[in-house]
file start_15.txt (compact mmCIF, C-alpha atoms)
# COMPACT_ATOMS: atom_id res chain seq x y z
CA MET A 1 2.88 -1.99 41.18
CA ASN A 2 6.05 -0.63 39.60
CA ASP A 3 6.32 3.08 38.93
CA ALA A 4 8.75 5.32 37.12
CA THR A 5 10.87 5.84 40.24
CA THR A 6 11.47 2.17 40.99
CA LEU A 7 12.23 1.47 37.34
CA THR A 8 14.95 4.10 36.99
CA ARG A 9 18.14 2.07 36.80
CA THR A 10 21.14 1.18 34.70
CA ALA A 11 20.45 -1.99 32.79
CA PRO A 12 22.88 -4.85 33.39
CA ALA A 13 25.51 -5.57 30.78
CA LEU A 14 24.63 -8.14 28.15
CA SER A 15 26.98 -10.68 26.63
CA PRO A 16 26.94 -10.79 22.80
CA GLU A 17 25.51 -14.29 22.76
CA ALA A 18 22.59 -13.23 24.99
CA LEU A 19 21.47 -10.28 22.88
CA PHE A 20 18.82 -12.09 20.84
CA ALA A 21 18.04 -14.93 23.26
CA MET A 22 14.35 -15.32 24.13
CA HIS A 23 14.56 -18.14 26.68
CA GLY A 24 12.05 -17.91 29.51
CA ARG A 25 9.71 -15.57 27.63
CA THR A 26 6.20 -16.17 26.41
CA ALA A 27 5.38 -14.45 23.13
CA LEU A 28 1.96 -14.14 21.50
CA VAL A 29 1.96 -13.77 17.71
CA THR A 30 -1.25 -13.11 15.79
CA GLY A 31 -1.67 -14.01 12.13
CA ALA A 32 0.64 -16.98 12.68
CA SER A 33 -0.97 -19.41 10.25
CA SER A 34 0.87 -18.03 7.21
CA GLY A 35 3.16 -15.35 5.84
CA MET A 36 5.00 -13.02 8.15
CA GLY A 37 3.18 -14.17 11.29
CA GLU A 38 4.26 -17.76 10.68
CA ALA A 39 7.85 -16.69 9.99
CA LEU A 40 7.99 -14.60 13.18
CA ALA A 41 6.51 -17.41 15.28
CA LYS A 42 9.20 -19.78 13.99
CA ALA A 43 11.98 -17.27 14.64
CA LEU A 44 10.88 -16.55 18.22
CA ALA A 45 10.54 -20.25 19.00
CA ALA A 46 13.99 -20.93 17.54
CA ALA A 47 15.39 -18.18 19.78
CA GLY A 48 13.99 -19.97 22.84
CA ALA A 49 10.60 -18.36 23.47
CA GLN A 50 7.38 -20.18 24.18
CA VAL A 51 5.15 -18.92 21.36
CA ILE A 52 1.36 -18.70 21.44
CA ALA A 53 0.53 -18.85 17.74
CA VAL A 54 -2.83 -17.24 16.99
CA ALA A 55 -4.99 -17.31 13.85
CA ARG A 56 -8.36 -18.55 12.64
CA ARG A 57 -7.04 -21.59 10.73
CA MET A 58 -6.41 -24.09 13.51
CA ASP A 59 -5.28 -26.84 11.13
CA ARG A 60 -2.38 -24.70 9.98
CA LEU A 61 -1.48 -23.69 13.51
CA GLU A 62 -1.43 -27.32 14.62
CA ALA A 63 0.83 -28.22 11.70
CA LEU A 64 3.13 -25.38 12.70
CA ALA A 65 3.22 -26.57 16.32
CA ASP A 66 3.92 -30.15 15.22
CA ALA A 67 6.88 -29.00 13.15
CA HIS A 68 8.45 -26.63 15.67
CA ASP A 69 9.07 -27.02 19.39
CA GLY A 70 7.79 -24.34 21.72
CA ILE A 71 4.71 -23.32 19.72
CA VAL A 72 1.22 -23.51 21.23
CA PRO A 73 -1.68 -23.09 18.74
CA VAL A 74 -4.73 -21.03 19.72
CA SER A 75 -7.60 -20.27 17.36
CA CYS A 76 -9.11 -16.77 17.42
CA ASP A 77 -11.23 -14.58 15.17
CA LEU A 78 -9.66 -11.20 15.87
CA SER A 79 -12.63 -9.36 14.39
CA SER A 80 -14.75 -10.50 17.35
CA GLU A 81 -14.40 -8.92 20.79
CA ASP A 82 -15.73 -12.10 22.43
CA SER A 83 -13.14 -14.17 20.60
CA ARG A 84 -10.40 -11.73 21.60
CA GLN A 85 -11.40 -11.98 25.25
CA ALA A 86 -11.36 -15.77 25.03
CA LEU A 87 -7.86 -15.57 23.53
CA VAL A 88 -6.65 -13.42 26.41
CA ALA A 89 -8.00 -15.90 28.95
CA GLN A 90 -6.37 -18.86 27.17
CA ALA A 91 -3.06 -17.06 26.83
CA LYS A 92 -2.95 -16.25 30.54
CA ASP A 93 -3.43 -19.94 31.30
CA ILE A 94 -0.45 -20.77 29.10
CA GLY A 95 1.97 -18.22 30.50
CA GLN A 96 2.54 -14.56 31.25
CA VAL A 97 2.87 -12.85 27.90
CA SER A 98 5.92 -10.60 27.89
CA VAL A 99 6.13 -10.21 24.11
CA LEU A 100 3.12 -9.32 21.95
CA ILE A 101 3.40 -9.20 18.15
CA ASN A 102 0.33 -7.96 16.32
CA THR A 103 0.80 -9.34 12.82
CA ALA A 104 -2.70 -10.27 11.67
CA GLY A 105 -4.24 -7.96 9.12
CA VAL A 106 -6.74 -7.77 6.29
CA ASN A 107 -7.07 -5.74 3.15
CA ALA A 108 -10.80 -5.92 2.52
CA THR A 109 -10.87 -3.92 -0.70
CA VAL A 110 -8.57 -2.50 -3.36
CA VAL A 111 -10.76 0.20 -4.86
CA PRO A 112 -10.58 3.97 -5.36
CA ALA A 113 -11.13 5.88 -2.13
CA GLU A 114 -14.52 7.19 -3.20
CA GLN A 115 -15.75 3.60 -3.55
CA GLU A 116 -14.73 2.36 -0.10
CA SER A 117 -17.84 0.98 1.60
CA ALA A 118 -18.70 1.59 5.24
CA GLU A 119 -18.70 -2.17 5.83
CA ALA A 120 -15.23 -2.69 4.35
CA LEU A 121 -13.88 0.27 6.28
CA ALA A 122 -15.30 -1.00 9.57
CA ASN A 123 -13.97 -4.53 9.04
CA THR A 124 -10.50 -3.32 8.10
CA LEU A 125 -10.22 -0.99 11.08
CA GLU A 126 -11.58 -3.68 13.43
CA VAL A 127 -8.92 -6.24 12.54
CA ASN A 128 -5.96 -4.00 11.69
CA LEU A 129 -6.26 -1.31 14.34
CA LEU A 130 -8.82 -2.00 17.05
CA ALA A 131 -7.81 -5.65 17.63
CA PRO A 132 -4.10 -4.85 18.15
CA PHE A 133 -5.00 -2.01 20.51
CA ARG A 134 -7.36 -4.21 22.51
CA LEU A 135 -4.65 -6.86 22.87
CA CYS A 136 -2.21 -4.19 24.02
CA GLN A 137 -4.77 -3.12 26.61
CA ALA A 138 -5.24 -6.72 27.72
CA PHE A 139 -1.58 -7.67 28.14
CA GLY A 140 -0.10 -4.28 29.03
CA PRO A 141 -1.04 -4.33 32.75
CA ALA A 142 0.84 -7.59 33.44
CA MET A 143 3.88 -6.23 31.62
CA ARG A 144 3.64 -3.11 33.74
CA GLU A 145 3.47 -5.19 36.90
CA ALA A 146 6.53 -7.16 35.78
CA GLY A 147 8.41 -3.98 34.91
CA GLU A 148 9.17 -5.08 31.36
CA GLY A 149 7.59 -6.11 28.10
CA ALA A 150 7.88 -5.72 24.34
CA ILE A 151 5.07 -4.99 21.91
CA LEU A 152 5.61 -5.05 18.15
CA ASN A 153 2.92 -3.86 15.75
CA ILE A 154 3.21 -4.88 12.12
CA ALA A 155 2.25 -1.84 10.10
CA SER A 156 3.04 -1.03 6.47
CA ILE A 157 5.00 1.45 4.41
CA SER A 158 1.58 2.63 3.21
CA GLY A 159 1.10 3.87 6.76
CA VAL A 160 4.05 6.27 6.42
CA VAL A 161 4.14 7.17 2.70
CA GLY A 162 1.53 7.43 -0.03
CA ILE A 163 1.47 4.57 -2.56
CA GLY A 164 -1.41 5.50 -4.85
CA ARG A 165 -0.80 2.80 -7.46
CA ILE A 166 -2.63 0.30 -5.23
CA PRO A 167 -5.76 2.12 -4.02
CA GLN A 168 -6.53 0.96 -0.48
CA ALA A 169 -7.56 3.93 1.66
CA ALA A 170 -9.14 1.83 4.41
CA TYR A 171 -5.99 -0.27 4.76
CA VAL A 172 -3.81 2.86 4.77
CA MET A 173 -6.03 4.41 7.42
CA SER A 174 -5.67 1.37 9.65
CA LYS A 175 -1.90 1.11 9.28
CA SER A 176 -1.39 4.85 9.78
CA GLY A 177 -3.40 4.56 12.97
CA LEU A 178 -1.25 1.63 14.09
CA VAL A 179 1.90 3.71 13.60
CA GLY A 180 0.37 6.52 15.66
CA VAL A 181 -0.82 4.33 18.52
CA THR A 182 2.63 2.69 18.61
CA ARG A 183 4.20 6.06 19.40
CA GLU A 184 1.51 6.94 21.94
CA LEU A 185 1.73 3.66 23.86
CA ALA A 186 5.53 3.92 23.89
CA ALA A 187 5.22 7.39 25.40
CA GLN A 188 2.66 6.30 28.00
CA TRP A 189 4.18 2.97 28.98
CA GLY A 190 7.92 3.49 28.63
CA ARG A 191 8.20 4.51 32.29
CA TYR A 192 7.07 0.99 33.21
CA GLY A 193 9.74 -0.74 31.14
CA ILE A 194 7.39 -1.57 28.26
CA ARG A 195 8.79 -1.03 24.78
CA VAL A 196 6.39 -0.49 21.87
CA ASN A 197 7.63 -0.44 18.28
CA ALA A 198 6.37 -1.11 14.78
CA ILE A 199 7.62 -2.53 11.53
CA ALA A 200 6.51 -0.73 8.38
CA ALA A 201 6.52 -3.70 6.04
CA GLY A 202 7.26 -3.24 2.38
CA PHE A 203 6.04 -5.48 -0.40
CA PHE A 204 6.84 -9.17 0.00
CA GLN A 205 5.78 -12.48 -1.44
CA SER A 206 2.96 -14.15 0.50
CA GLU A 207 -0.49 -15.65 0.07
CA MET A 208 -1.97 -12.16 -0.02
CA THR A 209 0.30 -10.96 -2.83
CA VAL A 210 0.33 -14.01 -5.15
CA ASP A 211 -1.68 -12.25 -7.85
CA MET A 212 0.45 -9.12 -7.65
CA TYR A 213 3.74 -10.96 -8.11
CA ALA A 214 2.20 -13.14 -10.83
CA SER A 215 1.70 -9.99 -12.90
CA GLU A 216 4.93 -9.12 -14.71
CA LYS A 217 3.88 -5.48 -14.84
CA MET A 218 3.20 -5.28 -11.08
CA ALA A 219 6.30 -7.28 -10.16
CA ASP A 220 8.41 -4.90 -12.22
CA TRP A 221 6.73 -1.92 -10.52
CA VAL A 222 7.67 -3.35 -7.11
CA ARG A 223 11.23 -4.01 -8.24
CA ARG A 224 11.68 -0.47 -9.57
CA GLY A 225 10.33 1.02 -6.35
CA GLN A 226 12.97 -0.68 -4.21
CA CYS A 227 16.68 -0.04 -3.85
CA LEU A 228 17.50 -3.74 -3.52
CA PRO A 229 17.24 -5.94 -6.64
CA TYR A 230 15.38 -8.92 -5.15
CA PHE A 231 11.94 -9.61 -3.75
CA ALA A 232 11.32 -10.07 -0.03
CA THR A 233 9.88 -13.13 1.67
CA PRO A 234 8.27 -13.32 5.14
CA GLU A 235 11.56 -14.51 6.62
CA ASP A 236 13.16 -11.15 5.76
CA PHE A 237 11.24 -9.59 8.66
CA ALA A 238 12.37 -12.05 11.33
CA GLY A 239 15.65 -10.31 12.16
CA ALA A 240 14.00 -6.94 12.72
CA ALA A 241 11.33 -8.56 14.87
CA LEU A 242 13.93 -10.28 17.04
CA LEU A 243 15.83 -7.02 17.43
CA LEU A 244 12.72 -5.15 18.57
CA THR A 245 11.47 -7.82 21.00
CA SER A 246 14.72 -9.12 22.51
CA ASP A 247 17.25 -7.49 24.82
CA ALA A 248 19.21 -6.50 21.73
CA GLY A 249 16.68 -3.71 21.27
CA ARG A 250 16.06 -2.89 24.92
CA PHE A 251 16.75 0.83 24.41
CA ILE A 252 14.52 1.15 21.33
CA THR A 253 10.92 2.28 21.73
CA GLY A 254 8.36 4.39 19.91
CA GLN A 255 9.97 3.66 16.55
CA THR A 256 8.60 2.46 13.22
CA TYR A 257 11.25 0.52 11.31
CA ALA A 258 10.81 0.30 7.54
CA VAL A 259 11.74 -3.16 6.29
CA ASP A 260 11.11 -2.45 2.65
CA GLY A 261 14.20 -3.00 0.52
CA GLY A 262 14.71 0.76 0.45
CA TRP A 263 11.29 1.71 -0.91
CA THR A 264 10.88 4.65 1.47
CA ALA A 265 14.49 5.76 0.94
CA LYS A 266 13.71 7.13 -2.51

call {"tool": "encode", "arguments": {"input": "start_15.txt", "output": "structure tokens"}}
result
Amino acid sequence: MNDATTLTRTAPALSPEALFAMHGRTALVTGASSGMGEALAKALAAAGAQVIAVARRMDRLEALADAHDGIVPVSCDLSSEDSRQALVAQAKDIGQVSVLINTAGVNATVVPAEQESAEALANTLEVNLLAPFRLCQAFGPAMREAGEGAILNIASISGVVGIGRIPQAAYVMSKSGLVGVTRELAAQWGRYGIRVNAIAAGFFQSEMTVDMYASEKMADWVRRGQCLPYFATPEDFAGAALLLTSDAGRFITGQTYAVDGGWTAK
């Protein structure tokens, strides 16, 4: 097994064209049936990676795989430990996962904090925080053995700043925890060549936010909160994800990158 001593080295020079190349790597992306997860799965496959696309909706995953080379669909209910363990076993049969992107997430309730139910809190934390950590635990040892790996956790700007206007304490709790565990895993595993980073996602148009953007009042609130004058789409996160999982970002770890149109800059 590799240790900190054997991993101390000067990394080889990279040619500009090789910076974002993902050829020869197997990446696992959760939440890949729609939104950001789907966009990231497409981007990684286009960059040359073999992508294990994970979600509950197998029909959508199969359509994604049919439309894009290099994508392997695997169904999983991330709220279930048994289902997560089955996913790990299937993934290991497909290839050694060197890139893990934890995208899947839920927002069980949008209610004032005092009304958050124990059930909603438990479900939100299970999917948004515990599931990503369990997958990190499952795939981390093989990355350590290989002496390299990249983990990317998709958090939220609500995990780094207070929003208030959209009351979602359980969701905030889960994303804040994801930001914290990103730093801790980076600190623990960096000596083994494993990089762990997060994206703090701002507001963007997706299935989950259809109602919000359909409201002129809410859409204007989002627009005024940003520095940039246009709304984001899932594809706006692909570049940051490629940076943080490819050799282009090989000296970046323990960081949470806000991709938010400048929301947190104000």

call {"tool": "closest_residue", "arguments": {"input": "start_15.txt", "among": "A:Thr109, A:Thr26, A:Gln188, A:Thr253", "to": "A:Gly95", "atoms": "all atoms listed in the file"}}
result
A:Thr26

call {"tool": "closest_residue", "arguments": {"input": "start_15.txt", "among": "A:Ala86, A:Ala47, A:Leu28, A:Ile52", "to": "A:Asn102", "atoms": "all atoms listed in the file"}}
result
A:Leu28

call {"tool": "atom_distance", "arguments": {"input": "start_15.txt", "atom1": "atom CA of A:Asn153", "atom2": "atom CA of A:Leu130"}}
result
12.0 Å

call {"tool": "residues_near_point", "arguments": {"input": "start_15.txt", "point": "(-4.1, 4.6, 6.0)", "cutoff": "12 Å", "atoms": "only C-alpha atoms", "output": "VMD selection string"}}
result
chain A and resid 107 113 121 124 to 125 128 to 129 155 to 164 167 to 180

call {"tool": "atom_distance", "arguments": {"input": "start_15.txt", "atom1": "atom CA of A:Thr256", "atom2": "atom CA of A:Ala238"}}
result
15.1 Å

call {"tool": "closest_residue", "arguments": {"input": "start_15.txt", "among": "A:Ser98, A:Thr233, A:Thr103, A:Gln50", "to": "A:Ala65", "atoms": "all atoms listed in the file"}}
result
A:Gln50

call {"tool": "atom_distance", "arguments": {"input": "start_15.txt", "atom1": "atom CA of A:Asp66", "atom2": "atom CA of A:Ala39"}}
result
15.0 Å

call {"tool": "residues_near_point", "arguments": {"input": "start_15.txt", "point": "(-12.4, -7.4, 14.6)", "cutoff": "7 Å", "atoms": "all atoms listed in the file", "output": "compact mmCIF listing (two decimals) with C-alpha atoms, in the coordinates of the input"}}
result
# COMPACT_ATOMS: atom_id res chain seq x y z
CA LEU A 78 -9.66 -11.20 15.87
CA SER A 79 -12.63 -9.36 14.39
CA SER A 80 -14.75 -10.50 17.35
CA GLU A 81 -14.40 -8.92 20.79
CA ASN A 123 -13.97 -4.53 9.04
CA GLU A 126 -11.58 -3.68 13.43
CA VAL A 127 -8.92 -6.24 12.54
CA LEU A 130 -8.82 -2.00 17.05
CA ALA A 131 -7.81 -5.65 17.63

call {"tool": "closest_residue", "arguments": {"input": "start_15.txt", "among": "A:Met58, A:Ala150, A:Met36, A:Ala21", "to": "A:Gln205", "atoms": "all atoms listed in the file"}}
result
A:Met36

call {"tool": "closest_residue", "arguments": {"input": "start_15.txt", "among": "A:Ala122, A:Ala198, A:Gly70, A:Ala146", "to": "A:Val106", "atoms": "only C-alpha atoms"}}
result
A:Ala122

call {"tool": "closest_residue", "arguments": {"input": "start_15.txt", "among": "A:Ala118, A:Ala104, A:Leu242, A:Ala18", "to": "A:Ala46", "atoms": "only C-alpha atoms"}}
result
A:Leu242

call {"tool": "residues_around", "arguments": {"input": "start_15.txt", "residues": "A:Trp221", "least_positions_apart": "4", "cutoff": "12 Å", "atoms": "only C-alpha atoms", "output": "PyMOL selection string"}}
result
chain A and resi 163+165-166+203+212-213+215-217+225-226+229+231+263

call {"tool": "residues_around", "arguments": {"input": "start_15.txt", "residues": "A:Arg56", "least_positions_apart": "2", "cutoff": "10 Å", "atoms": "all atoms listed in the file", "output": "JSON list (two decimals) with C-alpha atoms, in the frame of the given file"}}
result
[["chain", "number", "residue", "atom", "x", "y", "z"],
["A", 30, "THR", "CA", -1.25, -13.11, 15.79],
["A", 31, "GLY", "CA", -1.67, -14.01, 12.13],
["A", 32, "ALA", "CA", 0.64, -16.98, 12.68],
["A", 33, "SER", "CA", -0.97, -19.41, 10.25],
["A", 54, "VAL", "CA", -2.83, -17.24, 16.99],
["A", 58, "MET", "CA", -6.41, -24.09, 13.51],
["A", 59, "ASP", "CA", -5.28, -26.84, 11.13],
["A", 60, "ARG", "CA", -2.38, -24.70, 9.98],
["A", 61, "LEU", "CA", -1.48, -23.69, 13.51],
["A", 74, "VAL", "CA", -4.73, -21.03, 19.72],
["A", 75, "SER", "CA", -7.60, -20.27, 17.36],
["A", 76, "CYS", "CA", -9.11, -16.77, 17.42],
["A", 77, "ASP", "CA", -11.23, -14.58, 15.17],
["A", 78, "LEU", "CA", -9.66, -11.20, 15.87]]
